[in-house]
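Printed here is final30.csv (CSV, C-alpha atoms):
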chain,number,residue,atom,x,y,z
A,1,MET,CA,9.0,-10.0,-18.9
A,2,THR,CA,6.0,-12.3,-18.3
A,3,ASP,CA,2.6,-11.6,-19.8
A,4,ALA,CA,1.2,-10.4,-16.5
A,5,GLN,CA,4.1,-7.9,-16.0
A,6,GLU,CA,3.6,-6.6,-19.5
A,7,THR,CA,-0.2,-6.3,-19.0
A,8,ILE,CA,0.4,-4.4,-15.8
A,9,ARG,CA,3.0,-2.1,-17.4
A,10,ARG,CA,0.6,-1.3,-20.2
A,11,LEU,CA,-2.3,-0.6,-17.7
A,12,VAL,CA,-0.3,1.8,-15.7
A,13,THR,CA,1.3,3.6,-18.6
A,14,GLU,CA,-1.9,3.9,-20.8
A,15,ASN,CA,-4.1,5.2,-17.9
A,16,PRO,CA,-3.0,8.3,-15.9
A,17,VAL,CA,-4.5,7.0,-12.6
A,18,VAL,CA,-4.8,3.2,-11.9
A,19,LEU,CA,-6.0,1.5,-8.8
A,20,PHE,CA,-5.4,-2.2,-8.4
A,21,MET,CA,-8.0,-3.2,-5.8
A,22,LYS,CA,-10.1,-6.0,-4.5
A,23,GLY,CA,-13.5,-5.6,-6.1
A,24,THR,CA,-14.5,-2.7,-8.3
A,25,ALA,CA,-14.8,1.0,-7.7
A,26,GLU,CA,-18.6,0.5,-7.6
A,27,GLN,CA,-18.3,-2.5,-5.3
A,28,PRO,CA,-15.1,-2.7,-3.3
A,29,MET,CA,-14.6,-6.1,-1.6
A,30,CYS,CA,-12.1,-5.0,1.0
A,31,GLY,CA,-12.0,-2.1,3.5
A,32,PHE,CA,-8.6,-0.9,2.5
A,33,SER,CA,-9.5,-0.8,-1.2
A,34,ASN,CA,-12.7,1.0,-0.3
A,35,GLN,CA,-10.8,3.7,1.6
A,36,VAL,CA,-8.7,4.5,-1.4
A,37,VAL,CA,-11.7,4.6,-3.7
A,38,ARG,CA,-13.5,7.0,-1.3
A,39,ILE,CA,-10.5,9.3,-1.3
A,40,LEU,CA,-10.2,9.3,-5.1
A,41,ASP,CA,-14.0,9.9,-5.4
A,42,HIS,CA,-13.8,12.6,-2.8
A,43,MET,CA,-11.1,14.4,-4.8
A,44,GLY,CA,-13.0,13.9,-8.0
A,45,VAL,CA,-10.2,12.0,-9.7
A,46,GLU,CA,-11.1,9.7,-12.6
A,47,PHE,CA,-9.3,6.5,-12.3
A,48,GLN,CA,-9.1,3.0,-13.9
A,49,ASP,CA,-10.0,0.3,-11.4
A,50,VAL,CA,-8.5,-3.1,-11.9
A,51,ASN,CA,-10.1,-5.9,-9.9
A,52,VAL,CA,-7.3,-8.3,-8.9
A,53,LEU,CA,-9.9,-10.8,-7.6
A,54,ALA,CA,-10.9,-11.4,-11.2
A,55,ASP,CA,-7.4,-12.3,-12.3
A,56,ASP,CA,-4.9,-14.3,-10.3
A,57,ASP,CA,-2.0,-13.5,-12.6
A,58,ILE,CA,-2.6,-9.8,-12.1
A,59,ARG,CA,-3.1,-10.3,-8.4
A,60,ASN,CA,0.2,-12.0,-8.0
A,61,GLY,CA,2.0,-10.0,-10.7
A,62,VAL,CA,1.2,-6.6,-9.3
A,63,LYS,CA,2.8,-7.6,-6.0
A,64,GLU,CA,6.0,-8.4,-7.9
A,65,PHE,CA,5.7,-5.3,-10.2
A,66,ALA,CA,6.1,-2.8,-7.4
A,67,ASN,CA,7.8,-5.1,-4.9
A,68,TRP,CA,4.8,-4.5,-2.7
A,69,PRO,CA,3.0,-7.4,-1.0
A,70,THR,CA,-0.5,-6.0,-0.6
A,71,ILE,CA,-3.5,-4.6,-2.4
A,72,PRO,CA,-4.7,-1.9,-3.0
A,73,GLN,CA,-1.9,-0.2,-5.1
A,74,LEU,CA,-2.3,3.2,-6.6
A,75,TYR,CA,-0.3,4.3,-9.7
A,76,VAL,CA,-0.1,7.8,-11.2
A,77,LYS,CA,1.5,8.2,-14.6
A,78,GLY,CA,3.1,4.8,-14.4
A,79,GLU,CA,4.7,5.4,-10.9
A,80,PHE,CA,3.7,3.4,-7.9
A,81,VAL,CA,2.4,5.9,-5.2
A,82,GLY,CA,1.6,3.5,-2.4
A,83,GLY,CA,-1.0,1.4,-0.6
A,84,CYS,CA,-3.8,2.4,1.6
A,85,ASP,CA,-1.8,3.9,4.5
A,86,ILE,CA,0.4,6.0,2.3
A,87,VAL,CA,-2.5,7.2,0.1
A,88,ARG,CA,-4.5,8.2,3.2
A,89,GLU,CA,-1.5,10.0,4.8
A,90,MET,CA,-0.7,11.8,1.5
A,91,PHE,CA,-4.4,12.8,1.2
A,92,GLN,CA,-4.4,14.2,4.8
A,93,THR,CA,-1.2,16.2,4.3
A,94,GLY,CA,-2.3,17.5,0.8
A,95,GLU,CA,0.6,15.8,-0.9
A,96,LEU,CA,-1.8,13.7,-2.9
A,97,LYS,CA,-3.5,16.7,-4.4
A,98,THR,CA,-0.1,18.2,-5.3
A,99,LEU,CA,1.0,14.9,-6.9
A,100,PHE,CA,-2.1,14.9,-9.1
A,101,GLU,CA,-1.8,18.5,-10.0
A,102,GLU,CA,1.9,18.1,-10.9
A,103,ASN,CA,1.0,15.2,-13.2
A,104,GLY,CA,-1.8,17.1,-14.9
A,105,VAL,CA,-4.6,14.9,-13.4
A,106,THR,CA,-7.9,16.8,-13.3
A,107,LEU,CA,-9.6,17.2,-9.9
A,108,ALA,CA,-13.2,18.1,-9.6
A,109,ALA,CA,-14.1,21.0,-7.3
B,1,MET,CA,-3.8,-17.5,9.5
B,2,ALA,CA,-2.6,-15.3,12.3
B,3,MET,CA,0.5,-14.1,14.0
B,4,THR,CA,1.1,-12.9,17.6
B,5,ALA,CA,2.0,-9.4,18.4
B,6,ALA,CA,5.2,-10.6,20.1
B,7,ALA,CA,6.3,-12.6,17.0
B,8,LEU,CA,5.7,-9.5,14.9
B,9,GLU,CA,7.6,-7.3,17.2
B,10,GLU,CA,10.5,-9.8,17.3
B,11,LEU,CA,10.8,-9.7,13.5
B,12,LEU,CA,10.8,-5.9,13.5
B,13,ARG,CA,13.3,-5.7,16.3
B,14,ALA,CA,15.6,-8.0,14.4
B,15,ALA,CA,15.6,-5.7,11.4
B,16,PHE,CA,15.5,-2.3,13.1
B,17,GLY,CA,17.7,-2.7,16.2
B,18,ASP,CA,17.5,1.0,17.2
B,19,ALA,CA,13.8,1.4,16.7
B,20,ASP,CA,11.0,2.6,19.0
B,21,ILE,CA,8.2,0.1,18.1
B,22,GLU,CA,4.6,0.0,19.2
B,23,ILE,CA,2.3,-2.7,18.1
B,24,HIS,CA,-1.5,-2.4,18.3
B,25,ASP,CA,-3.8,-5.3,17.8
B,26,LEU,CA,-6.7,-3.6,16.1
B,27,ALA,CA,-9.3,-6.3,16.1
B,28,GLY,CA,-8.1,-8.6,18.8
B,29,ASP,CA,-7.9,-11.4,16.3
B,30,GLY,CA,-4.1,-11.6,15.8
B,31,ASP,CA,-4.6,-10.6,12.1
B,32,HIS,CA,-5.1,-6.9,12.0
B,33,TYR,CA,-2.2,-4.9,13.5
B,34,ARG,CA,-1.0,-1.3,13.4
B,35,ALA,CA,2.7,-0.8,13.9
B,36,VAL,CA,4.3,2.5,14.7
B,37,ILE,CA,8.1,2.3,14.0
B,38,ARG,CA,10.6,5.1,14.5
B,39,SER,CA,14.1,4.2,13.3
B,40,ALA,CA,17.2,6.0,12.1
B,41,ALA,CA,17.2,3.6,9.2
B,42,PHE,CA,14.2,5.4,7.7
B,43,ALA,CA,15.9,8.8,7.5
B,44,GLY,CA,15.9,10.3,4.0
B,45,LYS,CA,13.8,7.4,2.6
B,46,SER,CA,10.4,7.8,0.8
B,47,ARG,CA,7.3,6.4,2.5
B,48,VAL,CA,7.2,3.6,-0.1
B,49,ALA,CA,10.9,2.7,0.6
B,50,GLN,CA,10.2,2.8,4.4
B,51,HIS,CA,7.3,0.4,4.1
B,52,GLN,CA,9.2,-1.8,1.6
B,53,MET,CA,11.9,-2.1,4.3
B,54,VAL,CA,9.3,-3.2,6.8
B,55,TYR,CA,7.8,-5.7,4.4
B,56,ALA,CA,11.3,-7.1,3.8
B,57,ALA,CA,11.8,-7.5,7.5
B,58,LEU,CA,8.6,-9.6,7.6
B,59,GLN,CA,10.2,-12.0,5.2
B,60,GLY,CA,7.2,-12.7,3.0
B,61,ARG,CA,4.6,-13.0,5.8
B,62,MET,CA,2.8,-9.8,4.8
B,63,GLY,CA,-0.1,-10.7,2.6
B,64,GLY,CA,0.1,-14.3,3.8
B,65,GLU,CA,0.2,-15.0,7.6
B,66,LEU,CA,-0.4,-11.3,8.2
B,67,HIS,CA,-3.5,-10.0,6.5
B,68,ALA,CA,-3.5,-6.5,7.7
B,69,LEU,CA,-0.7,-4.4,9.0
B,70,ALA,CA,-1.2,-0.6,9.0
B,71,LEU,CA,2.2,1.1,9.1
B,72,ASP,CA,3.2,4.4,10.5
B,73,THR,CA,7.0,4.7,9.9
B,74,GLY,CA,9.4,7.5,10.2
B,75,PRO,CA,12.9,8.5,11.3
B,76,LYS,CA,13.8,8.7,14.9
In structure tokens, what does this structure look like?
Amino acid sequence: MTDAQETIRRLVTENPVVLFMKGTAEQPMCGFSNQVVRILDHMGVEFQDVNVLADDDIRNGVKEFANWPTIPQLYVKGEFVGGCDIVREMFQTGELKTLFEENGVTLAA
Amino acid sequence: MAMTAAALEELLRAAFGDADIEIHDLAGDGDHYRAVIRSAAFAGKSRVAQHQMVYAALQGRMGGELHALALDTGPK
């Protein structure tokens, strides 16, 4: 396992909710990343943001990690949940809320 | 970098022969598409698995030639 893969594995296992994104939660640099941040903020979920623009090894490594070619990528308890389309769809159907609740992730309100 | 809607549809057709496919060019710039794909191949697969199948059909172009492809996939 390369260093980047090990770093990613550690990030997603040590933090309950991790979002690999372009930019930061405070300042997203891409519309798709921004959409996921807004959904998580709306639900009141605390998450660890990882700015892939700040680290090329992570940016490329995370695509390999989940066999998923695009950013953003959301992980809950070490499991890859999806990119922007899937997160949005799961939010709309209520599945995302269920997923967080089943994993003991605290939601505000 | 950009890709025509026809080229995109051709790749998807090649991988999902039975599929109903709609391609929408969202921004008119050949770089932001939305694809609606209904194929029997998606039956019983998770959303992540369905999208991974589409990305595999695009043979590495996603994230490169193709910047943005919103996906709406499901079984026929």
| task | Skip segment 8-13 of chain A itself and residues of its chain fewer than 3 positions away, then list as number ranges by chain all residues within 8 Å of it, counting only C-alpha atoms. | result | A: 4-5, 16-18, 58, 61-62, 65, 75-79
Please report as a Markdown table every residue of chain A lying within 12 Å of chain B, along with the nearest atom pair and their distance in Å (one decimal), using only C-alpha atoms.
| residue | atom | partner | partner_atom | distance |
| --- | --- | --- | --- | --- |
| A:Cys30 | CA | B:Ala68 | CA | 11.0 |
| A:Gly31 | CA | B:Ala68 | CA | 10.5 |
| A:Phe32 | CA | B:Ala68 | CA | 9.2 |
| A:Arg59 | CA | B:Gly63 | CA | 11.4 |
| A:Asn60 | CA | B:Gly63 | CA | 10.7 |
| A:Lys63 | CA | B:Gly63 | CA | 9.6 |
| A:Glu64 | CA | B:Gly60 | CA | 11.8 |
| A:Ala66 | CA | B:Gln52 | CA | 9.6 |
| A:Asn67 | CA | B:Gln52 | CA | 7.4 |
| A:Trp68 | CA | B:Gln52 | CA | 6.7 |
| A:Pro69 | CA | B:Gly63 | CA | 5.8 |
| A:Thr70 | CA | B:Gly63 | CA | 5.7 |
| A:Ile71 | CA | B:Gly63 | CA | 8.6 |
| A:Pro72 | CA | B:Gly63 | CA | 11.4 |
| A:Gln73 | CA | B:Val48 | CA | 11.1 |
| A:Leu74 | CA | B:Val48 | CA | 11.5 |
| A:Glu79 | CA | B:Val48 | CA | 11.2 |
| A:Phe80 | CA | B:Val48 | CA | 8.6 |
| A:Val81 | CA | B:Val48 | CA | 7.4 |
| A:Gly82 | CA | B:Val48 | CA | 6.1 |
| A:Gly83 | CA | B:Val48 | CA | 8.5 |
| A:Cys84 | CA | B:Ala70 | CA | 8.4 |
| A:Asp85 | CA | B:Ala70 | CA | 6.4 |
| A:Ile86 | CA | B:Arg47 | CA | 6.9 |
| A:Val87 | CA | B:Arg47 | CA | 10.1 |
| A:Arg88 | CA | B:Ala70 | CA | 11.0 |
| A:Glu89 | CA | B:Asp72 | CA | 9.3 |
| A:Met90 | CA | B:Arg47 | CA | 9.7 |
| task | Point out the residue among B:Arg38, B:His32, B:Arg13, B:His24 with the least atom-to-atom distance to Pro75 of chain B, counting all atoms listed in the file. | result |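 The answer is B:Arg38, which sits nearest to Pro75 of chain B.
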| query | How many Å lie between atom CA of Ala40 of chain B and atom CA of Glu22 of chain B, rounded to one decimal? | reply |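 Here the two named atoms are 15.7 Å from each other.
One distance worth recording is that between atom CA of Thr106 of chain A and atom CA of Phe47 of chain A, which is 10.4 Å.
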| Which is closer to Gly30 of chain B than all the others in B:Ala2, B:Ala7, B:Gly74, B:Leu12, using all atoms listed in the file? |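 Using all atoms listed in the file, Gly30 of chain B sits closest to B:Ala2.
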| task | To one decimal in Å, tell me the separation between atom CA of Ile37 of chain B and atom CA of Ala15 of chain B. | result |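 Straight-line distance from atom CA of Ile37 of chain B to atom CA of Ala15 of chain B works out to 11.3 Å.
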| Distance query His42 of chain A at most 9 Å, all atoms listed in the file, self and fewer than 4 positions along chain excluded, as a VMD selection string | chain A and resid 37 to 38 108
| Do you know which residues are at most 12 Å from Lys76 of chain B counting all atoms listed in the file, after dropping those on the same chain fewer than 2 positions away, and could you put them as a list in words? |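 The contact residues come out as Phe16, Asp18, Ala19, Asp20, Ile21, Val36, Ile37, Arg38, Ser39, Ala40, Ala41, Phe42, Ala43, Gly44, Thr73 and Gly74 of chain B.
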| request: Give the answer as one residue: which of B:Ala5, B:Leu11, B:Ala35, B:Leu26 has the shortest atom-to-atom distance to Leu58 of chain B, using only C-alpha atoms? | output: B:Leu11
| task | May I ask which of the residues A:Asp3, A:Gly104, A:Leu99, A:Val50 is the closest one to Met21 of chain A, counting all atoms listed in the file? | result |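 Residue with the minimum atom-to-atom distance to Met21 of chain A: A:Val50.
The shortest atom-to-atom distance to Leu107 of chain A, with only C-alpha atoms taken into account, belongs to A:Gly44 out of A:Gly44, A:Thr7, A:Gly94, A:Leu53.
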